[in-house]
$ cat input.cif   # mmCIF, C-alpha atoms
data_my_file
loop_
_atom_site.label_atom_id
_atom_site.label_comp_id
_atom_site.auth_asym_id
_atom_site.auth_seq_id
_atom_site.Cartn_x
_atom_site.Cartn_y
_atom_site.Cartn_z
CA MET A 1 188.98 64.77 139.31
CA SER A 2 185.75 63.20 138.07
CA LEU A 3 187.49 62.17 134.87
CA LEU A 4 190.23 60.51 136.87
CA PHE A 5 187.68 58.58 138.92
CA LEU A 6 185.87 57.53 135.75
CA ALA A 7 189.11 56.31 134.16
CA PHE A 8 190.02 54.37 137.31
CA SER A 9 186.59 52.74 137.54
CA CYS A 10 186.81 51.76 133.89
CA TRP A 11 190.21 50.20 134.53
CA LEU A 12 188.78 48.23 137.45
CA THR A 13 185.86 46.88 135.49
CA VAL A 14 187.78 46.02 132.38
CA GLN A 15 190.28 43.69 134.03
CA PRO A 16 191.01 40.94 131.53
CA GLY A 17 190.94 37.28 132.35
CA ASN A 18 187.68 36.87 134.22
CA ALA A 19 185.51 36.13 131.21
CA ALA A 20 188.35 35.25 128.86
CA THR A 21 188.06 32.10 126.77
CA VAL A 22 191.12 29.96 126.44
CA ARG A 23 191.58 27.91 123.31
CA LEU A 24 193.18 24.56 123.96
CA GLU A 25 194.67 22.43 121.24
CA TRP A 26 195.10 18.79 122.24
CA ARG A 27 196.80 16.04 120.29
CA ILE A 28 197.35 12.34 120.84
CA ILE A 29 200.67 11.26 119.40
CA ALA A 30 201.95 7.75 118.92
CA ALA A 31 205.73 7.51 119.26
CA SER A 32 207.61 4.47 118.09
CA HIS A 33 211.16 3.15 118.08
CA ARG A 34 210.43 1.51 114.75
CA LYS A 35 211.78 3.36 111.78
CA GLY A 36 209.28 5.65 110.16
CA ASN A 37 208.50 9.20 109.18
CA MET A 38 207.58 12.28 111.13
CA ASP A 39 203.92 13.13 110.71
CA PRO A 40 203.89 16.53 108.95
CA ARG A 41 201.09 17.64 111.25
CA LEU A 42 203.58 17.48 114.12
CA ARG A 43 206.08 19.75 112.39
CA ASP A 44 205.66 22.47 114.96
CA ILE A 45 206.77 20.29 117.88
CA TYR A 46 209.13 18.02 115.96
CA ARG A 47 212.21 19.76 117.24
CA ASP A 48 211.01 19.65 120.82
CA LEU A 49 210.09 15.96 120.53
CA GLY A 50 213.52 15.28 119.13
CA THR A 51 215.29 16.93 122.03
CA ILE A 52 213.21 15.11 124.64
CA PHE A 53 212.68 11.68 123.13
CA ASN A 54 214.76 9.30 121.05
CA TYR A 55 211.85 7.72 119.20
CA GLN A 56 212.31 7.10 115.50
CA SER A 57 208.86 8.13 114.31
CA TYR A 58 205.85 10.05 115.46
CA LYS A 59 202.29 9.82 114.23
CA LEU A 60 199.30 11.98 115.04
CA ILE A 61 196.39 9.79 116.09
CA ASN A 62 193.83 12.38 117.02
CA ALA A 63 193.65 16.12 117.50
CA ASN A 64 191.09 18.81 118.23
CA GLN A 65 190.60 22.26 119.63
CA ILE A 66 188.34 23.27 122.49
CA ALA A 67 187.49 26.60 123.99
CA LEU A 68 187.07 26.81 127.74
CA SER A 69 186.46 29.61 130.17
CA GLU A 70 187.48 29.71 133.78
CA GLY A 71 185.71 26.95 135.68
CA GLN A 72 184.80 24.98 132.60
CA SER A 73 186.05 21.48 131.85
CA ALA A 74 186.15 19.12 128.91
CA SER A 75 186.62 15.36 128.61
CA ILE A 76 188.72 13.61 125.96
CA SER A 77 188.75 9.90 125.22
CA LEU A 78 192.19 8.36 125.10
CA PRO A 79 193.20 5.03 123.63
CA GLY A 80 193.14 2.15 126.07
CA LYS A 81 189.77 3.03 127.58
CA LYS A 82 191.14 6.06 129.34
CA GLN A 83 189.57 9.41 129.85
CA CYS A 84 191.34 12.74 130.13
CA THR A 85 189.53 15.61 131.83
CA ILE A 86 190.83 19.14 131.41
CA LYS A 87 189.60 21.94 133.61
CA ILE A 88 190.52 25.63 133.56
CA THR A 89 190.78 26.82 137.14
CA HIS A 90 192.17 30.28 136.55
CA VAL A 91 192.79 32.60 133.63
CA SER A 92 195.00 35.64 133.81
CA THR A 93 196.64 37.83 131.23
CA GLN A 94 199.93 35.93 131.40
CA TRP A 95 199.01 32.32 132.16
CA VAL A 96 196.20 29.86 132.60
CA ASN A 97 195.88 27.29 135.35
CA VAL A 98 194.96 23.88 133.99
CA GLN A 99 193.95 20.76 135.89
CA ILE A 100 194.42 17.50 134.00
CA HIS A 101 193.12 14.18 135.25
CA ILE A 102 193.52 10.87 133.52
CA THR A 103 191.24 8.09 134.65
CA GLN A 104 190.81 4.50 133.65
CA ASN A 105 187.62 2.67 134.52
CA GLY A 106 186.73 5.49 136.85
CA ARG A 107 190.00 5.23 138.72
CA SER A 108 192.40 8.15 138.70
CA THR A 109 195.73 7.18 137.23
CA PHE A 110 197.32 10.59 136.85
CA GLY A 111 196.60 14.15 137.77
CA THR A 112 198.44 17.41 137.45
CA THR A 113 197.91 21.11 137.88
CA ALA A 114 200.01 23.18 135.57
CA ARG A 115 200.41 26.83 134.77
CA LEU A 116 200.55 27.31 131.02
CA MET A 117 201.67 30.44 129.29
CA ASN A 118 200.28 31.47 125.94
CA GLY A 119 201.51 29.14 123.20
CA ARG A 120 203.29 26.73 125.54
CA THR A 121 202.90 22.96 125.11
CA LEU A 122 202.50 20.40 127.86
CA LEU A 123 203.22 16.79 126.97
CA ILE A 124 202.10 13.87 129.12
CA GLY A 125 203.40 10.50 128.12
CA GLY A 126 204.03 7.00 129.29
CA PRO A 127 204.07 4.44 130.60
CA SER A 128 205.29 2.90 127.39
CA SER A 129 205.57 -0.51 125.94
CA HIS A 130 208.91 -1.72 124.64
CA THR A 131 208.64 0.02 121.30
CA GLU A 132 205.76 2.44 121.47
CA ALA A 133 204.30 5.10 123.66
CA LEU A 134 201.39 7.46 123.58
CA ILE A 135 201.92 11.13 124.24
CA PHE A 136 199.13 13.54 125.08
CA SER A 137 199.90 17.11 123.97
CA LEU A 138 198.10 20.20 125.22
CA ARG A 139 198.75 23.76 124.05
CA SER A 140 196.92 26.88 125.15
CA PHE A 141 196.08 30.07 123.24
CA TRP A 142 194.29 33.20 124.32
CA MET K 1 169.83 94.78 70.92
CA LYS K 2 171.25 93.83 74.25
CA ARG K 3 174.16 92.27 72.42
CA CYS K 4 174.74 95.46 70.44
CA ARG K 5 174.80 97.53 73.63
CA LYS K 6 177.42 95.21 75.08
CA ILE K 7 179.47 95.32 71.85
CA GLN K 8 179.37 99.09 71.62
CA LYS K 9 180.66 99.36 75.20
CA GLU K 10 183.74 97.46 74.13
CA LEU K 11 184.41 99.46 70.96
CA ASP K 12 186.89 101.82 72.64
CA ARG K 13 188.95 98.95 73.96
CA TYR K 14 188.72 97.28 70.57
CA ILE K 15 190.08 100.38 68.84
CA ASP K 16 192.92 100.57 71.41
CA GLY K 17 193.72 96.88 70.87
CA GLU K 18 193.06 96.03 74.49
CA LEU K 19 190.46 93.34 74.00
CA PRO K 20 191.43 89.71 74.68
CA THR K 21 191.61 87.59 71.57
CA GLU K 22 188.42 85.71 72.27
CA ASN K 23 186.41 88.89 72.85
CA ARG K 24 187.96 90.54 69.80
CA LEU K 25 187.01 87.64 67.56
CA SER K 26 183.51 87.61 68.97
CA LEU K 27 183.16 91.35 68.38
CA GLU K 28 184.48 91.10 64.82
CA ASN K 29 182.06 88.30 64.05
CA HIS K 30 179.22 90.50 65.30
CA LEU K 31 180.41 93.48 63.22
CA LYS K 32 180.20 91.31 60.10
CA VAL K 33 176.48 90.87 60.56
CA CYS K 34 175.47 94.08 62.37
CA ALA K 35 175.43 97.28 60.36
CA GLY K 36 174.47 99.34 63.38
CA CYS K 37 177.57 98.35 65.35
CA ARG K 38 179.76 98.85 62.27
CA SER K 39 178.40 102.34 62.02
CA ALA K 40 179.05 102.95 65.72
CA LEU K 41 182.64 101.75 65.30
CA GLU K 42 183.23 104.12 62.40
CA GLN K 43 181.76 106.95 64.39
CA LYS K 44 184.08 106.30 67.31
CA ARG K 45 187.12 106.16 65.02
CA GLU K 46 186.12 109.44 63.41
CA GLU K 47 185.71 111.07 66.82
CA ARG K 48 189.21 109.98 67.76
CA ARG K 49 190.72 111.30 64.60
CA GLN K 50 189.05 114.60 65.18
CA ARG K 51 190.25 114.81 68.77
CA ILE K 52 193.81 114.05 67.78
CA SER K 53 193.79 116.50 64.96
CA ALA K 54 192.40 119.16 67.31
CA LEU K 55 195.46 118.90 69.47
CA ILE K 56 197.85 121.75 69.00
CA PRO K 57 201.43 120.53 68.77
CA LYS K 58 203.72 122.13 71.25
CA GLU K 59 207.43 122.20 71.09
CA VAL K 60 209.35 120.87 74.01
CA PRO K 61 211.81 123.54 74.99
CA LEU K 62 214.54 121.15 76.10
CA SER K 63 216.23 118.38 74.26
CA THR K 64 216.56 114.96 75.69
CA GLU K 65 220.15 115.57 76.82
CA GLU K 66 219.13 118.77 78.55
CA ILE K 67 216.32 116.98 80.38
CA LEU K 68 218.66 114.26 81.64
CA ALA K 69 221.14 116.87 82.81
CA ALA K 70 218.39 118.65 84.73
CA ILE K 71 217.45 115.38 86.45
CA GLU K 72 221.02 114.73 87.47
CA GLU K 73 221.30 118.11 89.06
CA ARG K 74 218.27 117.49 91.19
CA VAL K 75 219.40 114.14 92.48
CA GLN K 76 221.44 114.51 95.70
CA PRO K 77 224.80 112.82 95.35
CA ILE K 78 225.65 110.31 98.03
CA GLN K 79 228.47 111.84 100.02
CA SER K 80 229.40 108.88 102.14
CA ALA K 81 228.55 105.48 100.96
CA GLU K 82 226.79 103.65 103.71
CA VAL K 83 227.12 100.00 103.04
CA ILE K 84 224.34 98.04 104.63
CA THR K 85 224.99 94.39 104.89
CA PHE K 86 222.33 92.00 105.99
CA PRO K 87 223.54 89.40 108.45
CA THR K 88 223.60 85.84 107.13
CA PRO K 89 221.24 83.63 109.04
CA LYS K 90 222.96 81.72 111.77
CA LYS K 91 223.15 78.01 111.64
CA TRP K 92 221.17 76.31 114.37
CA TRP K 93 224.24 75.19 116.29
CA ALA K 94 225.47 78.74 116.39
CA LYS K 95 222.13 79.82 117.79
CA ILE K 96 222.51 77.35 120.64
CA LYS K 97 225.70 79.10 121.68
CA THR K 98 223.87 82.34 122.06
CA LEU K 99 221.35 80.81 124.42
CA SER K 100 221.95 81.57 128.01
CA ILE K 101 221.97 77.91 129.01
CA ARG K 102 224.99 76.17 130.36
CA PRO K 103 225.74 73.13 128.24
CA ALA K 104 226.85 70.71 130.95
CA PRO K 105 223.68 70.81 133.04
CA ALA K 106 221.55 70.79 129.89
CA ILE K 107 223.31 67.70 128.58
CA ALA K 108 222.98 65.99 131.95
CA PHE K 109 219.27 66.77 132.02
CA ALA K 110 218.83 65.43 128.50
CA ILE K 111 220.63 62.21 129.43
CA CYS K 112 218.35 61.78 132.44
CA LEU K 113 215.30 62.27 130.27
CA ILE K 114 216.51 59.70 127.76
CA ALA K 115 217.33 57.21 130.51
CA LEU K 116 213.90 57.71 132.05
CA GLY K 117 212.24 57.14 128.71
CA LEU K 118 214.25 54.01 128.03
CA SER K 119 213.49 52.58 131.45
CA LEU K 120 209.81 53.03 130.83
CA PHE K 121 209.70 51.45 127.42
CA LEU K 122 212.55 48.98 127.37
CA PRO K 123 212.49 45.99 129.66
CA LEU K 124 215.93 46.77 131.00
CA GLY K 125 216.51 44.63 133.99
CA LYS K 126 212.87 43.61 133.98
CA ARG K 127 212.80 39.96 133.27
CA ASN K 128 209.62 38.05 133.37
CA PRO K 129 210.40 34.93 135.39
CA LEU K 130 207.24 33.26 134.15
CA LYS K 131 208.34 33.58 130.56
CA GLU K 132 211.70 32.09 131.32
CA GLN K 133 210.25 29.16 133.23
CA GLY K 134 207.86 28.18 130.47
CA ILE K 135 205.31 25.88 132.03
CA ILE K 136 205.10 25.59 135.80
CA ILE K 137 203.96 22.27 137.17
CA GLU K 138 202.25 23.09 140.44
CA GLN K 139 201.00 19.69 141.49
CA ILE K 140 201.21 16.08 140.41
CA GLU K 141 199.15 13.20 141.62
CA SER K 142 200.29 9.85 140.38
CA PRO K 143 200.69 6.39 141.82
CA ASN K 144 203.69 6.08 139.52
CA THR K 145 206.94 7.89 139.43
CA VAL K 146 207.00 10.80 137.03
CA MET K 147 209.84 12.62 135.37
CA ILE K 148 209.58 16.16 134.16
CA PHE K 149 211.58 17.36 131.17
CA GLN K 150 211.71 20.71 129.47
CA SER K 151 212.81 21.52 125.92
CA GLU K 152 215.74 23.79 125.21
CA ARG K 153 213.51 26.68 124.32
CA LYS K 154 211.44 26.09 127.46
CA ASP K 155 208.21 26.26 125.53
CA THR K 156 207.50 22.53 125.82
CA THR K 157 207.35 20.58 129.07
CA LEU K 158 207.02 16.82 129.30
CA ILE K 159 205.66 14.81 132.19
CA TRP K 160 206.76 11.25 131.69
CA ILE K 161 205.06 8.55 133.72
CA VAL K 162 207.47 5.82 134.64
CA PRO K 163 205.69 2.54 135.15
CA HIS K 164 206.17 0.32 138.12
CA SER K 165 207.90 -2.86 137.19
CA GLU K 166 204.78 -4.93 137.99
CA ASP K 167 202.43 -2.56 136.17
CA GLN K 168 203.60 -1.99 132.63
CA GLU K 169 200.92 -1.11 130.14
CA ALA K 170 200.66 1.22 127.23
CA THR K 171 198.57 4.36 127.76
#
$ encode --input "input.cif" --output "structure tokens"
Amino acid sequence: MSLLFLAFSCWLTVQPGNAATVRLEWRIIAASHRKGNMDPRLRDIYRDLGTIFNYQSYKLINANQIALSEGQSASISLPGKKQCTIKITHVSTQWVNVQIHITQNGRSTFGTTARLMNGRTLLIGGPSSHTEALIFSLRSFW
Amino acid sequence: MKRCRKIQKELDRYIDGELPTENRLSLENHLKVCAGCRSALEQKREERRQRISALIPKEVPLSTEEILAAIEERVQPIQSAEVITFPTPKKWWAKIKTLSIRPAPAIAFAICLIALGLSLFLPLGKRNPLKEQGIIIEQIESPNTVMIFQSERKDTTLIWIVPHSEDQEAT
């Protein structure tokens, strides 16, 4: 009986997710209707980009990885004097809750709360000019 | 001296030819250089000859054929041949038949056990809706219209911000 209680208390204390660190990979991608090549660094999402968009070429402008725990946030500078703030609001074994805010000159232009599963990619793009658009890509790992 | 005592203990076996080759060669090498042990060997051989010669030969009253006949008389003939055959070991499936277990309930029980095991380890009927949905967009705040797309494999989700006609600018 005491062994059972000990095992149960261990299970309670070792619940994953509370102190888990989520690794986020973000990328800023320039998409263009002008003829060009696919950036080899975007090979992993090339097929998905192709099914969603009809742009002729894609180029990786900037990319990085950050590690955040629940409650932590990070800020990323975007082209066009914009700022993207990413905050982890909840981490569980199956998904992570992410808050994304895009601001320009201190004014919020876009915000979303998404539930990302391990390895999934969230793309935020637009508004676009006639020929080009910027796409912000976020993928989570833990 | 100690070596000679050890050698002389083995002289009887040496005379009888019972020493291993290695020991025999070692003994013979010692005899070449030790007069005392050579003398002891000769003495032992002489004693043997004398013992053998002291034996009085005795005639065996029966010939070999007579001895064999006497043995045959003493051996009891087998009146009725009792053939003892050892059973061949049964194959395992034959052994199952001898068990006092009815096959139908046993098979049903086995099937239940297998089904229980499969249901525990295989995700039969257990589909993870989260996995199928990919990314879940819980909330969007935008002054612009947004469109949400998802790739075929559902592992990539796109939120596309559609500009207002009077507010077109590149992000």
$ resolve_selection --input "input.cif" --expression "the PyMOL selection byres ((chain A) within 6 of (chain K))" --output "list in words"
Asp48, Phe110, Gly111, Thr112, Thr113, Ala114, Arg115, Leu116, Arg120, Thr121, Leu122, Leu123, Ile124, Gly125, Gly126, Pro127, Ser128, Ser129 and Leu134 of chain A
$ residues_around --input "input.cif" --residues "region 88-103 of chain A" --least-positions-apart "5" --cutoff "8 Å" --atoms "all atoms listed in the file" --output "list in words"
Pro16, Gly17, Asn18, Ala20, Val22, Leu68, Ser69, Glu70, Gly71, Gln72, Ser73, Lys82, Gln83, Ser108, Thr109, Phe110, Gly111, Thr112, Thr113, Ala114, Arg115, Leu116, Met117 and Asn118 of chain A
$ atom_distance --input "input.cif" --atom1 "CA of Pro20 (chain K)" --atom2 "CA of Ala40 (chain K)"
20.2 Å
$ axis_aligned_box --input "input.cif" --around "region 81-100 of chain A" --padding-each-side "3 Å" --output "AutoDock Vina command-line options"
--center_x 194.7 --center_y 20.4 --center_z 132.4 --size_x 16.4 --size_y 40.8 --size_z 15.6
$ closest_residue --input "input.cif" --among "A:Ile52, A:Ala31, A:Leu42, A:Ile66" --to "Trp142 (chain A)" --atoms "only C-alpha atoms"
A:Ile66
$ atom_distance --input "input.cif" --atom1 "CA of Arg27 (chain A)" --atom2 "CA of Asn54 (chain A)"
19.2 Å
$ resolve_selection --input "input.cif" --expression "the PyMOL selection byres ((chain K and resi 42-52) around 12)" --output "compact mmCIF listing (two decimals) with C-alpha atoms, keeping the file's coordinate frame"
# COMPACT_ATOMS: atom_id res chain seq x y z
CA GLN K 8 179.37 99.09 71.62
CA LYS K 9 180.66 99.36 75.20
CA GLU K 10 183.74 97.46 74.13
CA LEU K 11 184.41 99.46 70.96
CA ASP K 12 186.89 101.82 72.64
CA ARG K 13 188.95 98.95 73.96
CA TYR K 14 188.72 97.28 70.57
CA ILE K 15 190.08 100.38 68.84
CA ASP K 16 192.92 100.57 71.41
CA LEU K 31 180.41 93.48 63.22
CA ALA K 35 175.43 97.28 60.36
CA GLY K 36 174.47 99.34 63.38
CA CYS K 37 177.57 98.35 65.35
CA ARG K 38 179.76 98.85 62.27
CA SER K 39 178.40 102.34 62.02
CA ALA K 40 179.05 102.95 65.72
CA LEU K 41 182.64 101.75 65.30
CA SER K 53 193.79 116.50 64.96
CA ALA K 54 192.40 119.16 67.31
CA LEU K 55 195.46 118.90 69.47
CA ILE K 56 197.85 121.75 69.00
CA PRO K 57 201.43 120.53 68.77
$ atom_distance --input "input.cif" --atom1 "CA of Phe141 (chain A)" --atom2 "CA of Arg43 (chain A)"
18.0 Å
$ resolve_selection --input "input.cif" --expression "the PyMOL selection byres ((chain A and resi 34) around 9)" --output "ChimeraX atom specification"
/A:31-33,35-36,55-57,131-132
$ decode --input "input.cif" --residues "region 137-156 of chain K" --atoms "N, CA and C atoms" --output "compact mmCIF listing (two decimals), in the first residue's frame"
# COMPACT_ATOMS: atom_id res chain seq x y z
N ILE K 137 -6.52 27.29 -34.37
CA ILE K 137 -6.50 28.73 -34.17
C ILE K 137 -7.63 29.07 -33.19
N GLU K 138 -7.26 29.51 -32.02
CA GLU K 138 -8.27 29.76 -30.99
C GLU K 138 -8.84 31.17 -31.07
N GLN K 139 -7.99 32.11 -31.45
CA GLN K 139 -8.46 33.50 -31.42
C GLN K 139 -7.68 34.29 -32.44
N ILE K 140 -8.33 35.23 -33.06
CA ILE K 140 -7.67 36.14 -34.00
C ILE K 140 -8.16 37.55 -33.72
N GLU K 141 -7.19 38.45 -33.64
CA GLU K 141 -7.53 39.86 -33.50
C GLU K 141 -6.89 40.59 -34.66
N SER K 142 -7.69 41.12 -35.52
CA SER K 142 -7.13 41.82 -36.67
C SER K 142 -8.14 42.83 -37.20
N PRO K 143 -7.65 44.04 -37.50
CA PRO K 143 -8.56 45.00 -38.12
C PRO K 143 -8.90 44.63 -39.55
N ASN K 144 -8.09 43.69 -40.10
CA ASN K 144 -8.30 43.25 -41.48
C ASN K 144 -8.97 41.88 -41.50
N THR K 145 -9.45 41.59 -42.66
CA THR K 145 -10.03 40.26 -42.85
C THR K 145 -8.89 39.23 -42.95
N VAL K 146 -9.09 38.11 -42.38
CA VAL K 146 -8.07 37.06 -42.47
C VAL K 146 -8.69 35.81 -43.07
N MET K 147 -7.83 35.06 -43.74
CA MET K 147 -8.26 33.77 -44.28
C MET K 147 -7.33 32.71 -43.71
N ILE K 148 -7.89 31.61 -43.38
CA ILE K 148 -7.10 30.53 -42.79
C ILE K 148 -7.10 29.35 -43.76
N PHE K 149 -5.90 28.90 -44.08
CA PHE K 149 -5.72 27.75 -44.95
C PHE K 149 -4.94 26.67 -44.21
N GLN K 150 -5.14 25.46 -44.66
CA GLN K 150 -4.38 24.35 -44.07
C GLN K 150 -3.87 23.47 -45.19
N SER K 151 -2.63 22.99 -45.04
CA SER K 151 -2.04 22.14 -46.07
C SER K 151 -2.72 20.78 -46.09
N GLU K 152 -2.45 20.03 -47.12
CA GLU K 152 -3.07 18.71 -47.27
C GLU K 152 -2.73 17.80 -46.08
N ARG K 153 -1.51 17.88 -45.65
CA ARG K 153 -1.09 16.98 -44.58
C ARG K 153 -1.48 17.53 -43.21
N LYS K 154 -2.08 18.71 -43.19
CA LYS K 154 -2.57 19.32 -41.96
C LYS K 154 -1.46 19.64 -40.96
N ASP K 155 -0.22 19.69 -41.44
CA ASP K 155 0.83 20.04 -40.49
C ASP K 155 1.28 21.49 -40.68
N THR K 156 0.69 22.17 -41.63
CA THR K 156 0.99 23.60 -41.84
C THR K 156 -0.32 24.36 -41.97
